[in-house]
$ cat work.csv   # CSV, C-alpha atoms
chain,number,residue,atom,x,y,z
A,1,MET,CA,29.1,1.4,4.7
A,2,ALA,CA,28.3,1.6,1.0
A,3,LEU,CA,25.9,-1.1,-0.1
A,4,LEU,CA,24.6,0.6,-3.3
A,5,ASP,CA,27.1,0.1,-6.1
A,6,GLY,CA,27.6,3.1,-8.3
A,7,PHE,CA,25.8,5.5,-5.9
A,8,THR,CA,27.3,8.6,-4.4
A,9,HIS,CA,26.6,9.6,-0.8
A,10,HIS,CA,25.7,13.1,0.4
A,11,ARG,CA,24.6,15.0,3.5
A,12,ILE,CA,21.9,17.5,2.6
A,13,ALA,CA,21.1,20.4,4.9
A,14,THR,CA,17.3,20.9,5.0
A,15,GLY,CA,17.2,23.9,7.4
A,16,THR,CA,16.3,21.7,10.4
A,17,VAL,CA,18.3,18.5,10.0
A,18,ASP,CA,21.0,17.1,7.7
A,19,VAL,CA,19.7,14.2,5.7
A,20,HIS,CA,22.0,11.4,4.5
A,21,LEU,CA,21.2,9.9,1.1
A,22,ALA,CA,22.6,7.9,-1.7
A,23,GLN,CA,22.1,9.1,-5.3
A,24,GLY,CA,22.6,7.3,-8.6
A,25,GLY,CA,21.3,6.9,-12.1
A,26,GLU,CA,19.8,9.3,-14.7
A,27,GLY,CA,16.3,10.2,-15.6
A,28,PRO,CA,13.2,11.4,-13.7
A,29,PRO,CA,13.8,11.7,-9.9
A,30,LEU,CA,12.6,8.8,-7.8
A,31,LEU,CA,12.8,9.0,-4.0
A,32,LEU,CA,13.1,5.8,-2.0
A,33,LEU,CA,12.3,5.7,1.8
A,34,HIS,CA,13.0,2.8,4.2
A,35,GLY,CA,11.3,1.5,7.3
A,36,PHE,CA,12.0,0.3,10.8
A,37,PRO,CA,14.5,-0.9,11.9
A,38,GLU,CA,16.5,-0.3,8.7
A,39,THR,CA,18.2,2.3,6.6
A,40,HIS,CA,18.4,3.3,3.0
A,41,ALA,CA,20.4,0.1,2.5
A,42,MET,CA,17.2,-1.9,2.3
A,43,TRP,CA,17.0,-0.7,-1.3
A,44,ARG,CA,20.4,-2.2,-2.3
A,45,THR,CA,19.0,-5.0,-4.5
A,46,VAL,CA,16.4,-2.8,-6.2
A,47,ALA,CA,17.9,0.7,-6.6
A,48,PRO,CA,20.7,-0.2,-9.0
A,49,ASP,CA,18.2,-1.5,-11.6
A,50,LEU,CA,15.9,1.4,-11.0
A,51,ALA,CA,18.9,3.7,-11.6
A,52,ARG,CA,18.9,2.6,-15.3
A,53,HIS,CA,15.7,4.5,-15.7
A,54,TYR,CA,15.6,7.1,-13.0
A,55,THR,CA,17.7,9.4,-10.9
A,56,VAL,CA,17.3,7.4,-7.7
A,57,VAL,CA,17.6,9.0,-4.3
A,58,ALA,CA,17.6,6.6,-1.3
A,59,ALA,CA,17.5,8.6,1.9
A,60,ASP,CA,17.8,7.8,5.6
A,61,LEU,CA,14.8,9.1,7.5
A,62,ARG,CA,15.4,11.6,10.3
A,63,GLY,CA,16.7,9.6,13.3
A,64,TYR,CA,17.8,6.6,11.2
A,65,GLY,CA,21.0,5.6,9.5
A,66,ASP,CA,23.4,8.5,9.2
A,67,SER,CA,20.8,11.3,9.1
A,68,ASP,CA,20.6,13.7,12.0
A,69,LYS,CA,18.9,12.6,15.2
A,70,PRO,CA,17.4,15.6,17.0
A,71,ALA,CA,16.5,15.1,20.7
A,72,ASP,CA,13.0,16.0,21.8
A,73,PRO,CA,12.6,17.6,25.3
A,74,ALA,CA,11.2,15.1,27.8
A,75,ASP,CA,7.8,16.8,28.0
A,76,SER,CA,7.4,17.2,24.3
A,77,ASP,CA,4.5,16.1,22.0
A,78,HIS,CA,7.2,14.2,19.9
A,79,ALA,CA,6.6,16.6,17.0
A,80,LEU,CA,10.2,16.4,16.0
A,81,TYR,CA,9.5,12.9,14.8
A,82,SER,CA,6.1,13.4,13.4
A,83,LYS,CA,5.6,12.2,9.9
A,84,ARG,CA,4.9,15.8,9.0
A,85,ALA,CA,8.4,16.8,10.1
A,86,MET,CA,10.0,13.8,8.4
A,87,ALA,CA,8.1,14.5,5.2
A,88,ALA,CA,9.2,18.1,5.2
A,89,ASP,CA,12.8,16.9,5.5
A,90,MET,CA,12.5,14.9,2.3
A,91,VAL,CA,10.8,17.7,0.3
A,92,ALA,CA,13.6,20.1,1.3
A,93,ALA,CA,16.3,17.5,0.5
A,94,MET,CA,14.9,16.8,-2.9
A,95,ALA,CA,14.5,20.5,-3.6
A,96,ALA,CA,18.1,21.0,-2.6
A,97,LEU,CA,19.1,18.4,-5.2
A,98,GLY,CA,17.1,20.3,-7.8
A,99,TYR,CA,14.0,18.1,-7.8
A,100,PRO,CA,10.9,20.1,-6.7
A,101,ARG,CA,8.7,17.3,-8.1
A,102,PHE,CA,9.5,13.5,-8.0
A,103,ARG,CA,8.2,10.0,-7.9
A,104,LEU,CA,8.1,8.4,-4.5
A,105,ALA,CA,8.3,4.7,-3.3
A,106,ALA,CA,8.4,3.9,0.4
A,107,HIS,CA,8.2,1.0,2.8
A,108,ASP,CA,6.9,0.7,6.4
A,109,ARG,CA,7.8,3.9,8.5
A,110,GLY,CA,9.0,5.5,5.3
A,111,ALA,CA,5.6,4.8,3.7
A,112,ARG,CA,4.0,6.6,6.6
A,113,VAL,CA,6.2,9.5,5.8
A,114,ALA,CA,5.3,9.2,2.2
A,115,HIS,CA,1.6,9.1,3.0
A,116,ARG,CA,2.0,12.4,5.0
A,117,LEU,CA,4.2,13.9,2.3
A,118,ALA,CA,1.6,13.2,-0.5
A,119,LEU,CA,-1.1,15.0,1.6
A,120,ASP,CA,0.9,17.9,2.9
A,121,HIS,CA,2.9,18.5,-0.3
A,122,PRO,CA,0.7,17.2,-3.2
A,123,GLU,CA,2.4,19.4,-5.7
A,124,THR,CA,5.7,17.5,-5.2
A,125,VAL,CA,4.6,13.9,-5.8
A,126,GLU,CA,4.0,12.6,-9.4
A,127,ARG,CA,3.4,9.0,-8.5
A,128,LEU,CA,3.4,7.2,-5.1
A,129,CYS,CA,4.0,3.6,-4.0
A,130,LEU,CA,3.2,2.6,-0.4
A,131,MET,CA,4.6,-0.8,0.7
A,132,ASP,CA,3.1,-3.0,3.4
A,133,ILE,CA,1.2,-0.5,5.6
A,134,VAL,CA,-2.3,0.7,6.3
A,135,PRO,CA,-2.8,4.1,8.0
A,136,GLY,CA,-1.8,4.3,11.6
A,137,SER,CA,-5.3,5.3,12.6
A,138,VAL,CA,-6.6,2.1,11.1
A,139,VAL,CA,-4.1,0.0,13.0
A,140,TYR,CA,-4.9,1.6,16.3
A,141,GLY,CA,-8.6,1.9,15.6
A,142,THR,CA,-9.1,-1.8,14.8
A,143,MET,CA,-6.5,-3.4,17.1
A,144,ASP,CA,-7.1,-6.9,18.2
A,145,GLN,CA,-5.0,-9.6,19.9
A,146,ARG,CA,-3.5,-10.9,16.6
A,147,VAL,CA,-2.4,-7.4,15.5
A,148,ALA,CA,-1.1,-6.4,19.0
A,149,THR,CA,0.9,-9.6,19.2
A,150,ALA,CA,2.6,-9.1,15.8
A,151,TYR,CA,3.0,-5.4,16.4
A,152,TRP,CA,4.3,-5.7,20.0
A,153,HIS,CA,7.0,-3.0,19.3
A,154,TRP,CA,4.2,-0.4,18.6
A,155,PHE,CA,3.4,-0.6,22.3
A,156,PHE,CA,6.8,-1.2,23.7
A,157,LEU,CA,8.6,1.6,21.9
A,158,ILE,CA,6.0,4.3,22.9
A,159,GLN,CA,6.7,3.8,26.6
A,160,PRO,CA,8.2,6.9,28.3
A,161,ALA,CA,11.9,7.5,27.9
A,162,PRO,CA,14.4,6.1,28.8
A,163,PHE,CA,12.7,2.7,29.6
A,164,PRO,CA,12.6,1.2,26.1
A,165,GLU,CA,15.8,2.8,25.0
A,166,ARG,CA,17.7,1.3,27.9
A,167,LEU,CA,16.3,-2.2,27.4
A,168,LEU,CA,16.9,-2.1,23.6
A,169,GLY,CA,20.5,-1.2,24.2
A,170,LEU,CA,21.2,-4.1,26.5
A,171,ASP,CA,21.4,-6.5,23.6
A,172,ALA,CA,20.9,-4.6,20.4
A,173,GLU,CA,22.0,-7.4,18.1
A,174,PHE,CA,19.4,-9.8,19.5
A,175,VAL,CA,16.6,-7.2,19.4
A,176,LEU,CA,17.5,-6.3,15.8
A,177,THR,CA,17.6,-9.9,14.6
A,178,SER,CA,14.4,-10.7,16.4
A,179,ALA,CA,12.6,-7.8,15.0
A,180,LEU,CA,13.6,-8.6,11.4
A,181,ARG,CA,12.7,-12.3,11.7
A,182,GLY,CA,9.6,-11.6,13.6
A,183,LEU,CA,8.2,-9.3,10.9
A,184,SER,CA,9.2,-11.8,8.1
A,185,PRO,CA,9.2,-15.3,9.7
A,186,HIS,CA,9.1,-17.0,6.3
A,187,ALA,CA,12.4,-15.4,5.2
A,188,GLY,CA,15.5,-17.5,4.8
A,189,GLN,CA,18.6,-17.7,7.0
A,190,GLY,CA,22.3,-17.1,6.5
A,191,GLU,CA,23.6,-16.1,3.1
A,192,ALA,CA,20.1,-17.1,1.6
A,193,SER,CA,18.5,-14.6,3.9
A,194,PRO,CA,17.2,-11.3,2.7
A,195,PHE,CA,19.4,-9.9,5.5
A,196,PRO,CA,22.9,-11.4,4.7
A,197,PRO,CA,25.8,-10.9,7.1
A,198,ALA,CA,27.2,-7.7,5.5
A,199,VAL,CA,23.7,-6.1,5.6
A,200,MET,CA,23.1,-7.1,9.2
A,201,LYS,CA,26.4,-5.6,10.1
A,202,GLU,CA,25.4,-2.3,8.6
A,203,TYR,CA,22.0,-2.3,10.2
A,204,LEU,CA,23.5,-3.2,13.5
A,205,ARG,CA,26.1,-0.4,13.2
A,206,CYS,CA,23.2,2.1,13.2
A,207,PHE,CA,21.0,0.2,15.6
A,208,ARG,CA,23.6,0.2,18.3
A,209,ASP,CA,23.8,4.0,18.4
A,210,PRO,CA,21.8,5.2,21.5
A,211,ALA,CA,20.7,8.3,19.5
A,212,THR,CA,19.2,6.0,16.9
A,213,LEU,CA,17.4,3.9,19.5
A,214,HIS,CA,15.9,7.0,21.0
A,215,ALA,CA,14.9,8.4,17.6
A,216,MET,CA,13.2,5.1,16.7
A,217,CYS,CA,11.2,5.3,19.9
A,218,GLU,CA,10.3,8.9,19.2
A,219,ASP,CA,9.1,7.9,15.8
A,220,TYR,CA,6.7,5.4,17.3
A,221,ARG,CA,5.7,7.8,20.1
A,222,ALA,CA,4.8,10.4,17.5
A,223,GLY,CA,2.9,7.6,15.6
A,224,ALA,CA,0.7,7.0,18.7
A,225,GLY,CA,0.0,10.7,19.3
A,226,ILE,CA,0.6,13.6,17.0
A,227,ASP,CA,0.4,11.6,13.8
A,228,LEU,CA,-3.0,10.3,14.8
A,229,ALA,CA,-4.1,13.9,15.4
A,230,HIS,CA,-2.9,14.8,11.9
A,231,GLU,CA,-4.8,11.8,10.4
A,232,ALA,CA,-8.0,12.9,12.3
A,233,GLU,CA,-7.6,16.4,10.8
A,234,ASP,CA,-7.3,14.9,7.3
A,235,ARG,CA,-10.6,13.0,7.8
A,236,ARG,CA,-12.3,16.1,9.2
A,237,LEU,CA,-11.2,18.1,6.2
A,238,GLY,CA,-11.8,15.4,3.6
A,239,ARG,CA,-8.2,15.4,2.5
A,240,ARG,CA,-7.2,12.6,0.1
A,241,ILE,CA,-4.2,11.6,-2.0
A,242,HIS,CA,-4.8,12.7,-5.6
A,243,CYS,CA,-1.7,11.4,-7.4
A,244,PRO,CA,-1.7,7.9,-8.9
A,245,THR,CA,-0.9,5.5,-6.1
A,246,LEU,CA,0.3,1.9,-6.0
A,247,VAL,CA,-0.1,-0.2,-2.9
A,248,LEU,CA,2.0,-3.4,-2.4
A,249,TRP,CA,1.9,-5.8,0.5
A,250,GLY,CA,3.2,-9.2,1.5
A,251,LYS,CA,0.5,-11.8,1.5
A,252,LYS,CA,2.4,-13.7,4.2
A,253,GLY,CA,2.7,-10.7,6.4
A,254,LEU,CA,0.3,-9.1,8.9
A,255,VAL,CA,-1.0,-6.4,6.5
A,256,GLY,CA,-2.0,-9.1,4.0
A,257,ARG,CA,-3.6,-11.3,6.6
A,258,ALA,CA,-5.3,-8.7,8.8
A,259,TYR,CA,-6.5,-6.1,6.4
A,260,ASP,CA,-7.9,-5.5,2.9
A,261,PRO,CA,-5.3,-3.0,1.8
A,262,LEU,CA,-7.1,-1.9,-1.4
A,263,ALA,CA,-10.3,-1.2,0.6
A,264,VAL,CA,-8.5,0.7,3.3
A,265,TRP,CA,-6.5,2.8,0.9
A,266,GLY,CA,-9.5,3.3,-1.3
A,267,GLU,CA,-10.8,5.6,1.5
A,268,VAL,CA,-7.7,7.7,1.2
A,269,CYS,CA,-6.6,7.6,-2.5
A,270,ARG,CA,-8.5,8.9,-5.5
A,271,ASP,CA,-6.4,6.9,-8.1
A,272,LEU,CA,-5.4,3.5,-6.6
A,273,GLN,CA,-4.1,0.1,-7.7
A,274,GLY,CA,-2.3,-2.6,-5.9
A,275,GLU,CA,-1.2,-6.2,-5.5
A,276,ALA,CA,0.0,-8.7,-3.0
A,277,LEU,CA,3.5,-10.2,-3.3
A,278,ASP,CA,4.4,-13.7,-2.2
A,279,CYS,CA,6.5,-12.7,0.9
A,280,GLY,CA,6.4,-11.3,4.4
A,281,HIS,CA,6.9,-7.7,5.4
A,282,PHE,CA,10.2,-6.7,3.8
A,283,LEU,CA,9.2,-6.6,0.2
A,284,PRO,CA,12.2,-5.0,-1.4
A,285,GLU,CA,14.6,-7.5,0.3
A,286,GLU,CA,12.4,-10.6,0.1
A,287,ARG,CA,11.1,-10.2,-3.4
A,288,PRO,CA,13.3,-7.6,-5.1
A,289,GLN,CA,12.5,-8.6,-8.7
A,290,ASP,CA,8.8,-8.5,-8.0
A,291,VAL,CA,9.2,-5.0,-6.5
A,292,LEU,CA,11.3,-3.9,-9.4
A,293,ARG,CA,8.8,-5.1,-11.9
A,294,ALA,CA,5.9,-3.4,-10.1
A,295,LEU,CA,7.7,-0.1,-9.8
A,296,LEU,CA,8.9,0.0,-13.4
A,297,ASP,CA,5.4,-0.9,-14.6
A,298,PHE,CA,3.8,1.8,-12.4
A,299,MET,CA,6.3,4.6,-12.3
A,300,GLY,CA,6.4,5.0,-16.1

$ encode --input "work.csv" --output "structure tokens"
Amino acid sequence: MALLDGFTHHRIATGTVDVHLAQGGEGPPLLLLHGFPETHAMWRTVAPDLARHYTVVAADLRGYGDSDKPADPADSDHALYSKRAMAADMVAAMAALGYPRFRLAAHDRGARVAHRLALDHPETVERLCLMDIVPGSVVYGTMDQRVATAYWHWFFLIQPAPFPERLLGLDAEFVLTSALRGLSPHAGQGEASPFPPAVMKEYLRCFRDPATLHAMCEDYRAGAGIDLAHEAEDRRLGRRIHCPTLVLWGKKGLVGRAYDPLAVWGEVCRDLQGEALDCGHFLPEERPQDVLRALLDFMG
């Protein structure tokens, strides 16, 4: 379902998976990455205005939306859904489009991919915006009851297959709706909601796919294992993000209430700025004009 007016849709072969993406506009390339439990369509209210200034590429992460969903073997280390693998997908997809270097803005799980991409492929990223996350190692390393309650899905989705996949599939619509509202409890309802019916229909189309449910679980299983190992390696080697980085977070969401994002990311980024927006977790959908203003000011 096309929710980005004026954008063309492509499937790009990366050598490992095919990535689905929407492309529009003219100017310097800007890659947009979504989070859980959504697709590239989360950028629908921001991307058209960005496309007046940039060549915008809004991609579905591996396992999400209409991108490929490889199946890990049962005894794997979930490396197929590591942020390292997902980041490599995006570097290859952008190179295939003719963009070996680009700006990058990303939310939630996509921001975790962007974090990894900026460390593993620093030559590709001109400017980086991370929305409403702190590093996974910080979340797991400072976990308390408040965070665990809000991030219940971090622990449910990592249970061995097929336990969470089967339960999610029993009432996918209820789970999807609950997840969206749970992460942004202050968001509106109905047509006034940041998730209007047409958007919910598209998210649900993807969320009902058993392969997507498995991929989402694999994403979180990787986040609780191999991704933490990669972050530990970064700390051991003193690796940091060198490109200019903007951090945005929702002051009503968990990140804004449980962490000091600038202090946390200051340990990772050499050139950092940031601000809190008056919203919950889904910044591009709850406060699209604020996100647009911040990105246009920062991306140059």

$ closest_residue --input "work.csv" --among "A:Pro194, A:Gly274, A:Pro122, A:Pro135" --to "Ala232 in chain A" --atoms "only C-alpha atoms"
A:Pro135

$ residues_around --input "work.csv" --residues "range 199-213 of chain A" --least-positions-apart "4" --cutoff "8 Å" --atoms "only C-alpha atoms" --output "PyMOL selection string"
chain A and resi 1+3+37-39+41+63-66+69+165+168-169+172-173+176+195+217

$ residues_around --input "work.csv" --residues "Leu31 in chain A" --least-positions-apart "3" --cutoff "7 Å" --atoms "only C-alpha atoms" --output "short mmCIF file (atom, residue, chain, number, x, y, z; two decimals) with C-alpha atoms, in the frame of the given file"
data_model
loop_
_atom_site.label_atom_id
_atom_site.label_comp_id
_atom_site.auth_asym_id
_atom_site.auth_seq_id
_atom_site.Cartn_x
_atom_site.Cartn_y
_atom_site.Cartn_z
CA VAL A 56 17.30 7.40 -7.70
CA VAL A 57 17.60 9.00 -4.30
CA ALA A 58 17.60 6.60 -1.30
CA PHE A 102 9.50 13.50 -8.00
CA ARG A 103 8.20 10.00 -7.90
CA LEU A 104 8.10 8.40 -4.50
CA ALA A 105 8.30 4.70 -3.30
#

$ closest_residue --input "work.csv" --among "A:Phe156, A:Leu277, A:Pro288, A:Gly15" --to "Ala95 in chain A" --atoms "only C-alpha atoms"
A:Gly15

$ residues_around --input "work.csv" --residues "range 81-83 of chain A" --least-positions-apart "3" --cutoff "9 Å" --atoms "all atoms listed in the file" --output "PyMOL selection string"
chain A and resi 62-63+70+72+78+86-88+109-110+112-117+215-216+218-223+225-227

$ closest_atom_pairs --input "work.csv" --of "range 82-152 of chain A" --to "range 240-246 of chain A" --cutoff "8 Å" --atoms "all atoms listed in the file" --output "Markdown table"
| residue | atom | partner | partner_atom | distance |
| --- | --- | --- | --- | --- |
| A:Ala118 | CA | A:Ile241 | CA | 6.2 |
| A:Leu119 | CA | A:Ile241 | CA | 5.8 |
| A:Pro122 | CA | A:His242 | CA | 7.5 |
| A:Val125 | CA | A:Cys243 | CA | 7.0 |
| A:Glu126 | CA | A:Cys243 | CA | 6.2 |
| A:Arg127 | CA | A:Pro244 | CA | 5.2 |
| A:Leu128 | CA | A:Thr245 | CA | 4.7 |
| A:Cys129 | CA | A:Leu246 | CA | 4.5 |
| A:Leu130 | CA | A:Leu246 | CA | 6.3 |

$ atom_distance --input "work.csv" --atom1 "CA of Pro29 in chain A" --atom2 "CA of Gly238 in chain A"
29.2 Å

$ residues_around --input "work.csv" --residues "range 144-150 of chain A" --least-positions-apart "2" --cutoff "10 Å" --atoms "only C-alpha atoms" --output "ChimeraX atom specification"
/A:139-142,152-155,182-183,253-255,257-258

$ closest_residue --input "work.csv" --among "A:Asp260, A:Met94, A:Arg293, A:Thr16" --to "Leu32 in chain A" --atoms "all atoms listed in the file"
A:Met94

$ atom_distance --input "work.csv" --atom1 "CA of Phe7 in chain A" --atom2 "CA of Ala22 in chain A"
5.8 Å

$ closest_residue --input "work.csv" --among "A:Pro197, A:Asp234, A:Leu30, A:His214" --to "Thr124 in chain A" --atoms "only C-alpha atoms"
A:Leu30
